$ cat coords_31.csv   # CSV, C-alpha atoms
chain,number,residue,atom,x,y,z
A,693,MET,CA,40.6,-70.1,-80.4
A,694,ILE,CA,43.9,-71.4,-81.7
A,695,ASP,CA,47.0,-70.8,-79.7
A,696,SER,CA,49.4,-69.1,-82.1
A,697,SER,CA,52.2,-68.5,-79.6
A,698,PRO,CA,55.4,-70.4,-80.5
A,699,ARG,CA,56.7,-73.3,-78.4
A,700,TRP,CA,59.6,-72.8,-76.1
A,701,SER,CA,62.9,-74.1,-77.4
A,702,THR,CA,64.9,-76.6,-75.4
A,703,ASP,CA,67.4,-74.0,-74.3
A,704,THR,CA,64.6,-71.8,-73.0
A,705,LYS,CA,63.1,-74.6,-71.1
A,706,ARG,CA,66.5,-75.4,-69.5
A,707,LEU,CA,67.0,-71.8,-68.6
A,708,VAL,CA,63.6,-71.5,-67.0
A,709,ALA,CA,64.1,-74.8,-65.1
A,710,LEU,CA,67.5,-73.6,-63.8
A,711,PHE,CA,66.1,-70.2,-62.8
A,712,SER,CA,63.2,-72.0,-61.0
A,713,VAL,CA,65.7,-74.2,-59.0
A,714,VAL,CA,67.8,-71.2,-58.1
A,715,LEU,CA,64.7,-69.2,-57.0
A,716,VAL,CA,63.5,-72.1,-54.9
A,717,GLY,CA,66.9,-72.5,-53.3
A,718,LEU,CA,67.1,-68.8,-52.4
A,719,ALA,CA,63.6,-68.8,-51.0
A,720,ALA,CA,64.5,-71.9,-48.9
A,721,ALA,CA,67.7,-70.2,-47.6
A,722,ARG,CA,65.8,-66.9,-46.8
A,723,PHE,CA,62.9,-68.6,-45.0
A,724,ALA,CA,64.8,-71.5,-43.5
A,725,PHE,CA,63.4,-70.6,-40.1
A,726,VAL,CA,60.0,-71.9,-41.2
A,727,LEU,CA,61.2,-75.2,-42.5
A,728,GLY,CA,61.4,-76.8,-39.1
A,729,PRO,CA,57.8,-76.0,-38.0
A,730,LEU,CA,56.6,-77.0,-41.5
A,731,ALA,CA,58.4,-80.4,-41.2
A,732,LEU,CA,56.7,-80.9,-37.8
A,733,SER,CA,53.4,-80.1,-39.5
A,734,LEU,CA,54.1,-82.7,-42.2
A,735,LEU,CA,55.0,-85.2,-39.5
A,736,LEU,CA,51.6,-84.6,-37.8
A,737,VAL,CA,49.9,-85.1,-41.2
A,738,TYR,CA,51.7,-88.4,-41.8
A,739,LEU,CA,50.8,-89.6,-38.3
A,740,LEU,CA,47.2,-88.5,-38.2
A,741,ALA,CA,46.1,-89.0,-41.8
A,742,PRO,CA,45.1,-92.7,-41.2
A,743,ILE,CA,43.1,-91.7,-38.2
A,744,ALA,CA,41.3,-89.0,-40.1
A,745,ASP,CA,40.6,-91.5,-42.9
A,746,PHE,CA,39.2,-94.0,-40.4
A,747,LEU,CA,36.9,-91.5,-38.9
A,748,GLU,CA,35.7,-90.3,-42.3
A,749,ARG,CA,35.2,-93.7,-44.0
A,750,ARG,CA,34.3,-96.0,-41.2
A,751,LEU,CA,32.5,-93.8,-38.7
A,752,ARG,CA,31.0,-91.5,-41.3
A,753,PHE,CA,32.5,-88.3,-40.0
A,754,ARG,CA,32.8,-85.4,-42.3
A,755,ARG,CA,36.4,-84.5,-43.1
A,756,VAL,CA,36.6,-81.1,-41.4
A,757,PRO,CA,35.0,-82.2,-38.0
A,758,ALA,CA,37.2,-85.3,-38.1
A,759,VAL,CA,40.4,-83.3,-38.5
A,760,ILE,CA,39.3,-80.8,-35.8
A,761,VAL,CA,38.6,-83.6,-33.3
A,762,ILE,CA,42.0,-85.3,-33.9
A,763,LEU,CA,44.0,-82.1,-33.6
A,764,LEU,CA,42.2,-81.1,-30.4
A,765,ALA,CA,42.9,-84.5,-29.0
A,766,VAL,CA,46.6,-84.2,-29.8
A,767,LEU,CA,46.7,-80.7,-28.3
A,768,PHE,CA,45.0,-82.1,-25.1
A,769,LEU,CA,47.5,-84.9,-24.9
A,770,LEU,CA,50.4,-82.5,-25.3
A,771,ILE,CA,49.1,-80.3,-22.5
A,772,LEU,CA,48.4,-83.3,-20.2
A,773,ILE,CA,51.9,-84.8,-20.8
A,774,THR,CA,53.5,-81.5,-20.1
A,775,VAL,CA,51.6,-81.0,-16.9
A,776,LEU,CA,52.2,-84.5,-15.6
A,777,LEU,CA,55.9,-84.9,-16.6
A,778,ALA,CA,57.4,-81.4,-16.6
A,779,GLN,CA,57.8,-81.0,-12.9
A,780,SER,CA,59.2,-84.5,-12.4
A,781,ILE,CA,61.7,-84.2,-15.3
A,782,ILE,CA,62.9,-80.8,-14.0
A,783,ALA,CA,63.4,-82.2,-10.5
A,784,GLN,CA,65.3,-85.2,-11.8
A,785,VAL,CA,67.5,-82.9,-14.1
A,786,ARG,CA,68.4,-81.0,-10.9
A,787,ALA,CA,69.1,-84.2,-9.1
A,788,LEU,CA,71.2,-85.4,-12.1
A,789,ASN,CA,73.2,-82.2,-11.9
A,790,LEU,CA,73.9,-82.9,-8.2
A,791,ASP,CA,74.8,-86.5,-9.0
A,792,LEU,CA,77.4,-85.3,-11.6
A,793,ASN,CA,79.0,-83.1,-9.0
A,794,GLN,CA,79.2,-86.0,-6.6
A,795,ILE,CA,80.7,-88.2,-9.4
A,796,GLY,CA,83.3,-85.5,-10.0
A,797,GLU,CA,84.2,-85.5,-6.3
A,798,GLN,CA,84.7,-89.3,-6.3
A,799,ILE,CA,86.8,-89.3,-9.5
A,800,SER,CA,88.9,-86.5,-8.0
A,801,ASP,CA,89.5,-88.5,-4.9
A,802,TRP,CA,90.6,-91.5,-7.0
A,803,LEU,CA,93.1,-89.4,-9.0
A,804,ALA,CA,94.5,-87.6,-5.9
A,805,HIS,CA,97.4,-90.0,-6.0
A,806,PRO,CA,99.5,-90.1,-9.1
A,807,ILE,CA,99.8,-93.4,-11.1
A,808,VAL,CA,103.3,-94.8,-11.0
A,809,VAL,CA,104.4,-97.3,-13.7
A,810,GLY,CA,108.0,-98.2,-13.3
A,811,GLU,CA,110.0,-95.0,-13.5
A,812,PHE,CA,107.1,-93.1,-15.0
A,813,ARG,CA,104.8,-90.9,-12.8
A,814,ILE,CA,101.5,-90.0,-14.3
A,815,ASP,CA,99.5,-87.2,-12.7
A,816,LEU,CA,96.0,-87.0,-14.0
A,817,GLN,CA,94.6,-84.7,-11.4
A,818,GLN,CA,95.3,-81.4,-13.3
A,819,ALA,CA,93.9,-82.7,-16.6
A,820,PHE,CA,90.8,-84.0,-14.8
A,821,ASP,CA,90.3,-80.6,-13.0
A,822,GLN,CA,90.2,-78.9,-16.4
A,823,LEU,CA,87.8,-81.4,-17.8
A,824,ARG,CA,85.6,-81.2,-14.8
A,825,GLY,CA,85.4,-77.5,-15.0
A,826,SER,CA,84.4,-77.7,-18.7
A,827,LEU,CA,81.7,-80.4,-17.9
A,828,ASN,CA,80.4,-78.4,-15.0
A,829,SER,CA,80.0,-75.3,-17.2
A,830,LEU,CA,78.3,-77.4,-19.8
A,831,VAL,CA,75.9,-79.0,-17.4
A,832,GLN,CA,75.1,-75.7,-15.6
A,833,SER,CA,74.4,-74.0,-18.9
A,834,LEU,CA,72.0,-76.9,-19.9
A,835,VAL,CA,70.2,-76.7,-16.6
A,836,ASN,CA,70.0,-73.0,-16.7
A,837,ARG,CA,68.5,-73.3,-20.2
A,838,VAL,CA,65.8,-75.6,-18.9
A,839,PHE,CA,64.7,-73.1,-16.3
A,840,ASP,CA,65.0,-70.1,-18.6
A,841,PHE,CA,62.6,-71.4,-21.2
A,842,GLY,CA,59.9,-69.0,-20.1
A,843,ALA,CA,61.4,-66.3,-22.3
A,844,ASP,CA,60.7,-68.4,-25.3
A,845,VAL,CA,57.2,-69.4,-24.4
A,846,ALA,CA,55.5,-66.7,-26.5
A,847,GLN,CA,57.5,-67.6,-29.6
A,848,GLY,CA,56.8,-71.3,-29.0
A,849,LEU,CA,53.1,-70.7,-28.8
A,850,VAL,CA,53.2,-68.8,-32.1
A,851,TRP,CA,55.0,-71.7,-33.8
A,852,LEU,CA,52.6,-74.2,-32.2
A,853,PHE,CA,49.7,-72.3,-33.6
A,854,PHE,CA,51.4,-72.3,-37.1
A,855,ILE,CA,52.1,-76.1,-36.9
A,856,PHE,CA,48.5,-76.9,-36.0
A,857,VAL,CA,46.9,-74.5,-38.5
A,858,SER,CA,49.1,-75.8,-41.4
A,859,ALA,CA,48.5,-79.4,-40.3
A,860,PHE,CA,44.7,-78.7,-40.3
A,861,TYR,CA,44.7,-77.5,-43.9
A,862,MET,CA,47.0,-80.2,-45.1
A,863,LEU,CA,44.9,-82.9,-43.4
A,864,LYS,CA,41.7,-81.4,-44.7
A,865,ASP,CA,42.9,-81.1,-48.3
A,866,ARG,CA,45.2,-84.0,-48.4
A,867,ASP,CA,43.5,-85.8,-51.2
A,868,ARG,CA,43.2,-82.7,-53.3
A,869,ILE,CA,46.9,-81.9,-52.8
A,870,VAL,CA,48.0,-85.4,-53.8
A,871,ALA,CA,45.7,-85.3,-56.8
A,872,TRP,CA,47.1,-81.9,-57.9
A,873,PHE,CA,50.7,-83.2,-57.7
A,874,ASP,CA,49.8,-86.3,-59.7
A,875,ALA,CA,47.9,-84.3,-62.4
A,876,SER,CA,50.8,-81.8,-62.7
A,877,MET,CA,53.2,-84.4,-63.9
A,878,PRO,CA,53.7,-84.9,-67.7
A,879,PRO,CA,51.4,-87.8,-68.9
A,880,GLY,CA,54.4,-90.0,-70.0
A,881,PHE,CA,55.9,-89.8,-66.5
A,882,ARG,CA,52.7,-89.7,-64.4
A,883,ASP,CA,52.6,-93.4,-63.6
A,884,ASP,CA,56.2,-93.5,-62.6
A,885,PHE,CA,55.7,-90.4,-60.4
A,886,VAL,CA,52.7,-92.0,-58.7
A,887,GLN,CA,54.6,-95.2,-58.0
A,888,LEU,CA,57.6,-93.3,-56.6
A,889,ARG,CA,55.4,-91.0,-54.5
A,890,ARG,CA,53.6,-94.0,-53.0
A,891,ARG,CA,56.9,-95.8,-52.1
A,892,ILE,CA,58.3,-92.7,-50.5
A,893,ALA,CA,55.1,-92.0,-48.6
A,894,ARG,CA,55.0,-95.6,-47.4
A,895,THR,CA,58.6,-95.2,-46.1
A,896,TRP,CA,57.8,-92.0,-44.2
A,897,ASN,CA,54.5,-93.3,-42.8
A,898,ASN,CA,56.0,-96.5,-41.6
A,899,PHE,CA,59.0,-94.8,-40.1
A,900,PHE,CA,57.2,-92.1,-38.2
A,901,ARG,CA,54.4,-94.2,-36.9
A,902,GLY,CA,56.6,-97.1,-36.0
A,903,GLN,CA,59.3,-94.8,-34.4
A,904,LEU,CA,56.7,-93.1,-32.3
A,905,ILE,CA,55.3,-96.4,-31.0
A,906,LEU,CA,58.8,-97.8,-30.5
A,907,GLY,CA,60.0,-94.8,-28.6
A,908,ILE,CA,57.0,-94.7,-26.2
A,909,THR,CA,57.3,-98.5,-25.7
A,910,MET,CA,61.0,-98.5,-25.0
A,911,GLY,CA,60.8,-95.4,-22.8
A,912,VAL,CA,58.1,-97.0,-20.6
A,913,VAL,CA,59.8,-100.4,-20.5
A,914,VAL,CA,63.3,-98.9,-19.6
A,915,GLY,CA,61.9,-96.5,-17.1
A,916,LEU,CA,59.9,-99.2,-15.3
A,917,ALA,CA,62.9,-101.6,-15.4
A,918,MET,CA,65.3,-99.0,-14.0
A,919,TRP,CA,62.8,-98.0,-11.3
A,920,ALA,CA,62.4,-101.7,-10.4
A,921,ILE,CA,66.1,-102.3,-9.8
A,922,GLY,CA,66.5,-99.1,-7.7
A,923,MET,CA,68.2,-96.9,-10.3
A,924,PRO,CA,68.4,-93.2,-9.5
A,925,ASN,CA,66.8,-90.9,-12.1
A,926,ALA,CA,64.8,-93.7,-13.6
A,927,LEU,CA,62.2,-91.4,-15.1
A,928,ILE,CA,64.7,-89.2,-17.0
A,929,LEU,CA,66.6,-92.4,-18.1
A,930,GLY,CA,63.3,-93.7,-19.5
A,931,VAL,CA,62.6,-90.4,-21.3
A,932,LEU,CA,66.2,-90.5,-22.7
A,933,PHE,CA,65.8,-94.0,-24.0
A,934,GLY,CA,62.5,-93.1,-25.6
A,935,VAL,CA,63.9,-89.9,-27.3
A,936,LEU,CA,67.1,-91.5,-28.5
A,937,GLU,CA,65.1,-94.2,-30.3
A,938,VAL,CA,64.9,-91.7,-33.2
A,939,VAL,CA,68.6,-92.6,-33.8
A,940,PRO,CA,68.3,-96.2,-35.2
A,941,ASN,CA,70.9,-98.8,-34.1
A,942,PHE,CA,73.0,-96.3,-32.1
A,943,GLY,CA,70.3,-94.6,-30.0
A,944,PRO,CA,70.0,-97.3,-27.3
A,945,VAL,CA,73.8,-97.5,-27.0
A,946,LEU,CA,74.1,-93.7,-26.5
A,947,ALA,CA,71.2,-93.8,-23.9
A,948,SER,CA,73.0,-96.6,-22.0
A,949,VAL,CA,76.1,-94.5,-21.3
A,950,PRO,CA,74.5,-92.2,-18.6
A,951,ALA,CA,72.7,-95.2,-17.1
A,952,VAL,CA,76.0,-97.0,-16.7
A,953,LEU,CA,77.7,-93.9,-15.2
A,954,ILE,CA,74.9,-93.3,-12.7
A,955,ALA,CA,75.0,-97.0,-11.7
A,956,LEU,CA,78.7,-96.9,-11.2
A,957,PHE,CA,78.8,-93.8,-9.0
A,958,GLN,CA,75.4,-93.7,-7.4
A,959,GLY,CA,74.5,-97.4,-7.0
A,960,SER,CA,71.1,-98.8,-6.3
A,961,SER,CA,68.6,-98.3,-3.5
A,962,TRP,CA,68.2,-102.0,-2.9
A,963,ILE,CA,70.2,-104.2,-5.3
A,964,PHE,CA,73.9,-104.7,-4.6
A,965,VAL,CA,73.9,-101.9,-2.0
A,966,GLY,CA,77.4,-100.8,-1.3
A,967,ASN,CA,78.8,-102.7,-4.4
A,968,ASN,CA,78.5,-100.2,-7.2
A,969,LEU,CA,80.6,-102.2,-9.6
A,970,ALA,CA,78.4,-105.3,-9.3
A,971,PHE,CA,75.3,-103.1,-9.8
A,972,THR,CA,76.9,-101.5,-12.9
A,973,ILE,CA,77.5,-104.9,-14.4
A,974,PHE,CA,73.9,-105.8,-13.6
A,975,VAL,CA,72.7,-102.6,-15.3
A,976,ILE,CA,74.8,-103.4,-18.4
A,977,VAL,CA,73.2,-106.8,-18.5
A,978,VAL,CA,69.7,-105.4,-18.1
A,979,SER,CA,70.3,-102.8,-20.8
A,980,PHE,CA,71.7,-105.4,-23.2
A,981,ALA,CA,68.8,-107.7,-22.6
A,982,LEU,CA,66.3,-104.9,-23.3
A,983,GLN,CA,68.1,-104.0,-26.5
A,984,GLN,CA,68.0,-107.6,-27.6
A,985,LEU,CA,64.3,-107.8,-26.8
A,986,GLU,CA,63.8,-104.6,-28.8
A,987,ASN,CA,65.7,-105.9,-31.8
A,988,ALA,CA,64.2,-109.4,-31.8
A,989,VAL,CA,60.6,-108.6,-30.9
A,990,LEU,CA,59.7,-104.9,-31.1
A,991,VAL,CA,61.5,-103.7,-34.1
A,992,PRO,CA,60.4,-106.4,-36.5
A,993,ARG,CA,56.8,-106.1,-35.3
A,994,ILE,CA,56.6,-102.3,-35.2
A,995,LEU,CA,59.0,-101.1,-37.8
A,996,GLY,CA,59.5,-104.2,-39.9
A,997,HIS,CA,62.3,-104.3,-42.4
A,998,HIS,CA,61.0,-101.6,-44.7
A,999,LEU,CA,63.9,-99.1,-44.4
A,1000,ASN,CA,66.6,-101.9,-44.5
A,1001,LEU,CA,69.5,-99.4,-44.1
A,1002,HIS,CA,73.0,-100.5,-43.2
A,1003,PRO,CA,74.1,-99.2,-39.8
A,1004,VAL,CA,77.1,-97.4,-41.2
A,1005,ALA,CA,74.9,-95.6,-43.7
A,1006,VAL,CA,72.6,-94.6,-40.9
A,1007,LEU,CA,75.5,-93.3,-38.8
A,1008,VAL,CA,76.8,-91.2,-41.7
A,1009,ALA,CA,73.3,-89.9,-42.4
A,1010,VAL,CA,72.8,-89.0,-38.7
A,1011,ILE,CA,76.1,-87.1,-38.6
A,1012,ALA,CA,75.2,-85.2,-41.8
A,1013,GLY,CA,71.7,-84.5,-40.6
A,1014,ALA,CA,72.9,-83.2,-37.3
A,1015,SER,CA,75.4,-80.8,-39.0
A,1016,LEU,CA,72.7,-79.6,-41.4
A,1017,ALA,CA,69.6,-79.3,-39.2
A,1018,GLY,CA,70.5,-80.2,-35.6
A,1019,VAL,CA,68.0,-82.4,-33.8
A,1020,LEU,CA,65.5,-82.3,-36.6
A,1021,GLY,CA,68.2,-83.6,-39.0
A,1022,ILE,CA,68.9,-86.5,-36.6
A,1023,LEU,CA,65.2,-87.3,-36.5
A,1024,LEU,CA,64.8,-87.3,-40.3
A,1025,ALA,CA,68.1,-88.8,-41.3
A,1026,SER,CA,66.9,-92.4,-41.8
A,1027,PRO,CA,63.7,-91.6,-43.8
A,1028,VAL,CA,65.6,-89.1,-45.9
A,1029,LEU,CA,68.3,-91.6,-46.7
A,1030,ALA,CA,65.6,-94.2,-47.6
A,1031,THR,CA,63.9,-91.6,-49.8
A,1032,LEU,CA,67.2,-90.8,-51.6
A,1033,ARG,CA,67.6,-94.6,-52.1
A,1034,GLU,CA,64.3,-94.8,-53.8
A,1035,ILE,CA,65.0,-91.8,-56.1
A,1036,VAL,CA,68.5,-93.2,-57.0
A,1037,ARG,CA,67.0,-96.6,-57.9
A,1038,TYR,CA,64.4,-94.9,-60.1
A,1039,VAL,CA,67.0,-92.7,-61.8
A,1040,ALA,CA,69.4,-95.6,-62.3
A,1041,ALA,CA,66.7,-97.7,-63.9
A,1042,ARG,CA,65.8,-94.9,-66.3
A,1043,MET,CA,69.4,-94.3,-67.2
A,1044,LEU,CA,69.9,-98.0,-67.9
A,1045,ASP,CA,66.7,-98.2,-69.9
A,1046,ARG,CA,65.2,-100.7,-67.5
A,1047,GLU,CA,61.6,-100.9,-66.1
A,1048,SER,CA,61.3,-98.5,-63.2
A,1049,TYR,CA,58.8,-100.7,-61.2
A,1050,SER,CA,57.6,-104.2,-61.8
A,1051,THR,CA,53.8,-104.6,-61.9
A,1052,ASP,CA,53.7,-107.2,-59.2
A,1053,ALA,CA,55.5,-104.9,-56.7
A,1054,THR,CA,53.1,-102.0,-56.9
A,1055,PRO,CA,52.6,-100.5,-53.5
A,1056,SER,CA,49.1,-99.5,-52.4
A,1057,ALA,CA,48.1,-95.9,-52.2
A,1058,PRO,CA,48.9,-94.3,-48.8

$ encode --input "coords_31.csv" --output "structure tokens"
Amino acid sequence: MIDSSPRWSTDTKRLVALFSVVLVGLAAARFAFVLGPLALSLLLVYLLAPIADFLERRLRFRRVPAVIVILLAVLFLLILITVLLAQSIIAQVRALNLDLNQIGEQISDWLAHPIVVGEFRIDLQQAFDQLRGSLNSLVQSLVNRVFDFGADVAQGLVWLFFIFVSAFYMLKDRDRIVAWFDASMPPGFRDDFVQLRRRIARTWNNFFRGQLILGITMGVVVGLAMWAIGMPNALILGVLFGVLEVVPNFGPVLASVPAVLIALFQGSSWIFVGNNLAFTIFVIVVSFALQQLENAVLVPRILGHHLNLHPVAVLVAVIAGASLAGVLGILLASPVLATLREIVRYVAARMLDRESYSTDATPSAP
């Protein structure tokens, strides 16, 4: 049967494309609450797809049983980590709150006497009292939030169910989904799309897997190092270092700030006892040495130089991501920036009539 319907004009195609973009934007704005859990599902898929492929191709598992085994193992690990660490972290958060109160008392004692410079008299006590009140309110609200999380457990379980179910279907049908996307491209642009998709997939895969390994490694190393030198709250400091590894270049610096403050005002249980200033300098040296070890040994081996983003660009991306999507925006700032760089390179090559990708730099399929 011959298709006798007329072809769409260029203006009609542009109108339909514009309408589609607007429709997708409105849908994303209306259902923005589901984007976070969906992003976590995609993160699980990126992290677990190589394991599923290994079980399927090397150990001769069928795809569905392999995916079920992997997701059940992840769920078991999440429950185990929660049971083992939750009580310890909550206890140390409580202790940290008490430590901050003691720190406030010490600073208040230091500022009890005004600073006299020549004929000028500077009284910082009133300003500090206002700042301390604000900090106490902030810390108390954070601590209360930690202990009031029970009200959100049901909602969290629903989202956890959604994340695992969507991750199951995406892992199970990953090859079909990728093939469908490739086949949906116009033939003239299909090769370029495949190359671009593979480069972007490689960026996200390397980032997530490497960042997970790096965060766990640094969290364990820092936690053990702080415990070995007698630092109070060593466990929560290790967790903080591990979590802030998601902020490249600046995460370890931010995590070092509370470590330095605790060392200055709490001291150590056995190193430089009674001399908090000397212990603080020692903690700064230890933190700096661990960061240099990370940059010189761990980052090149785990993350490599695939992202190759300038620190200023990362900082701007982190700030923008935090304003747009909170913690999730901070986590995804670097890979999103690297993805935009790949897209801009492709668009610039097309606009300048250059070859998009050289044949000798073709990345392998993810």

$ atom_distance --input "coords_31.csv" --atom1 "atom CA of A:Gly915" --atom2 "atom CA of A:Val931"
7.4 Å

$ closest_residue --input "coords_31.csv" --among "A:Pro757, A:Gly728, A:Pro698, A:Gly911" --to "A:Gly934" --atoms "only C-alpha atoms"
A:Gly911

$ closest_residue --input "coords_31.csv" --among "A:Ala955, A:Leu852, A:Leu1016, A:Ala1025" --to "A:Thr972" --atoms "all atoms listed in the file"
A:Ala955

$ atom_distance --input "coords_31.csv" --atom1 "atom CA of A:Val912" --atom2 "atom CA of A:Leu929"
10.0 Å

$ atom_distance --input "coords_31.csv" --atom1 "atom CA of A:Asn897" --atom2 "atom CA of A:Phe933"
21.9 Å

$ residues_around --input "coords_31.csv" --residues "stretch 1034-1044 of chain A" --least-positions-apart "2" --cutoff "12 Å" --atoms "all atoms listed in the file" --output "ChimeraX atom specification"
/A:881,884-885,887-896,998-1001,1027-1032,1046-1050

$ write_last_selection --input "coords_31.csv" --atoms "C-alpha atoms" --output "mmCIF file, in the frame of the given file"
data_model
loop_
_atom_site.group_PDB
_atom_site.id
_atom_site.type_symbol
_atom_site.label_atom_id
_atom_site.label_comp_id
_atom_site.auth_asym_id
_atom_site.auth_seq_id
_atom_site.Cartn_x
_atom_site.Cartn_y
_atom_site.Cartn_z
ATOM 1 C CA PHE A 881 55.900 -89.800 -66.500
ATOM 2 C CA ASP A 884 56.200 -93.500 -62.600
ATOM 3 C CA PHE A 885 55.700 -90.400 -60.400
ATOM 4 C CA GLN A 887 54.600 -95.200 -58.000
ATOM 5 C CA LEU A 888 57.600 -93.300 -56.600
ATOM 6 C CA ARG A 889 55.400 -91.000 -54.500
ATOM 7 C CA ARG A 890 53.600 -94.000 -53.000
ATOM 8 C CA ARG A 891 56.900 -95.800 -52.100
ATOM 9 C CA ILE A 892 58.300 -92.700 -50.500
ATOM 10 C CA ALA A 893 55.100 -92.000 -48.600
ATOM 11 C CA ARG A 894 55.000 -95.600 -47.400
ATOM 12 C CA THR A 895 58.600 -95.200 -46.100
ATOM 13 C CA TRP A 896 57.800 -92.000 -44.200
ATOM 14 C CA HIS A 998 61.000 -101.600 -44.700
ATOM 15 C CA LEU A 999 63.900 -99.100 -44.400
ATOM 16 C CA ASN A 1000 66.600 -101.900 -44.500
ATOM 17 C CA LEU A 1001 69.500 -99.400 -44.100
ATOM 18 C CA PRO A 1027 63.700 -91.600 -43.800
ATOM 19 C CA VAL A 1028 65.600 -89.100 -45.900
ATOM 20 C CA LEU A 1029 68.300 -91.600 -46.700
ATOM 21 C CA ALA A 1030 65.600 -94.200 -47.600
ATOM 22 C CA THR A 1031 63.900 -91.600 -49.800
ATOM 23 C CA LEU A 1032 67.200 -90.800 -51.600
ATOM 24 C CA ARG A 1046 65.200 -100.700 -67.500
ATOM 25 C CA GLU A 1047 61.600 -100.900 -66.100
ATOM 26 C CA SER A 1048 61.300 -98.500 -63.200
ATOM 27 C CA TYR A 1049 58.800 -100.700 -61.200
ATOM 28 C CA SER A 1050 57.600 -104.200 -61.800
#

$ closest_residue --input "coords_31.csv" --among "A:Ala1014, A:Val914, A:Ala1009, A:Leu956" --to "A:Phe971" --atoms "all atoms listed in the file"
A:Leu956

$ decode --input "coords_31.csv" --residues "stretch 921-953 of chain A" --atoms "C-alpha atoms" --output "compact mmCIF listing (two decimals), in the first residue's frame"
# COMPACT_ATOMS: atom_id res chain seq x y z
CA ILE A 921 45.63 9.87 66.90
CA GLY A 922 42.92 10.10 69.55
CA MET A 923 40.55 12.48 67.76
CA PRO A 924 37.05 12.72 69.25
CA ASN A 925 34.18 11.84 66.89
CA ALA A 926 36.53 9.91 64.60
CA LEU A 927 33.69 7.84 63.11
CA ILE A 928 31.56 10.79 62.08
CA LEU A 929 34.62 12.58 60.68
CA GLY A 930 35.40 9.52 58.54
CA VAL A 931 31.81 9.45 57.27
CA LEU A 932 31.99 13.19 56.57
CA PHE A 933 35.21 12.82 54.55
CA GLY A 934 33.72 9.92 52.61
CA VAL A 935 30.48 11.77 51.79
CA LEU A 936 32.19 15.03 50.82
CA GLU A 937 34.34 13.15 48.30
CA VAL A 938 31.41 13.76 45.92
CA VAL A 939 32.59 17.39 45.77
CA PRO A 940 35.81 17.10 43.71
CA ASN A 941 38.81 19.18 44.75
CA PHE A 942 36.95 21.05 47.52
CA GLY A 943 35.29 18.20 49.42
CA PRO A 944 38.33 17.20 51.51
CA VAL A 945 39.00 20.85 52.37
CA LEU A 946 35.43 21.33 53.59
CA ALA A 947 35.61 18.11 55.60
CA SER A 948 38.85 19.27 57.25
CA VAL A 949 37.20 22.33 58.82
CA PRO A 950 35.22 20.48 61.54
CA ALA A 951 38.23 18.23 62.19
CA VAL A 952 40.42 21.27 62.86
CA LEU A 953 37.79 22.88 65.11
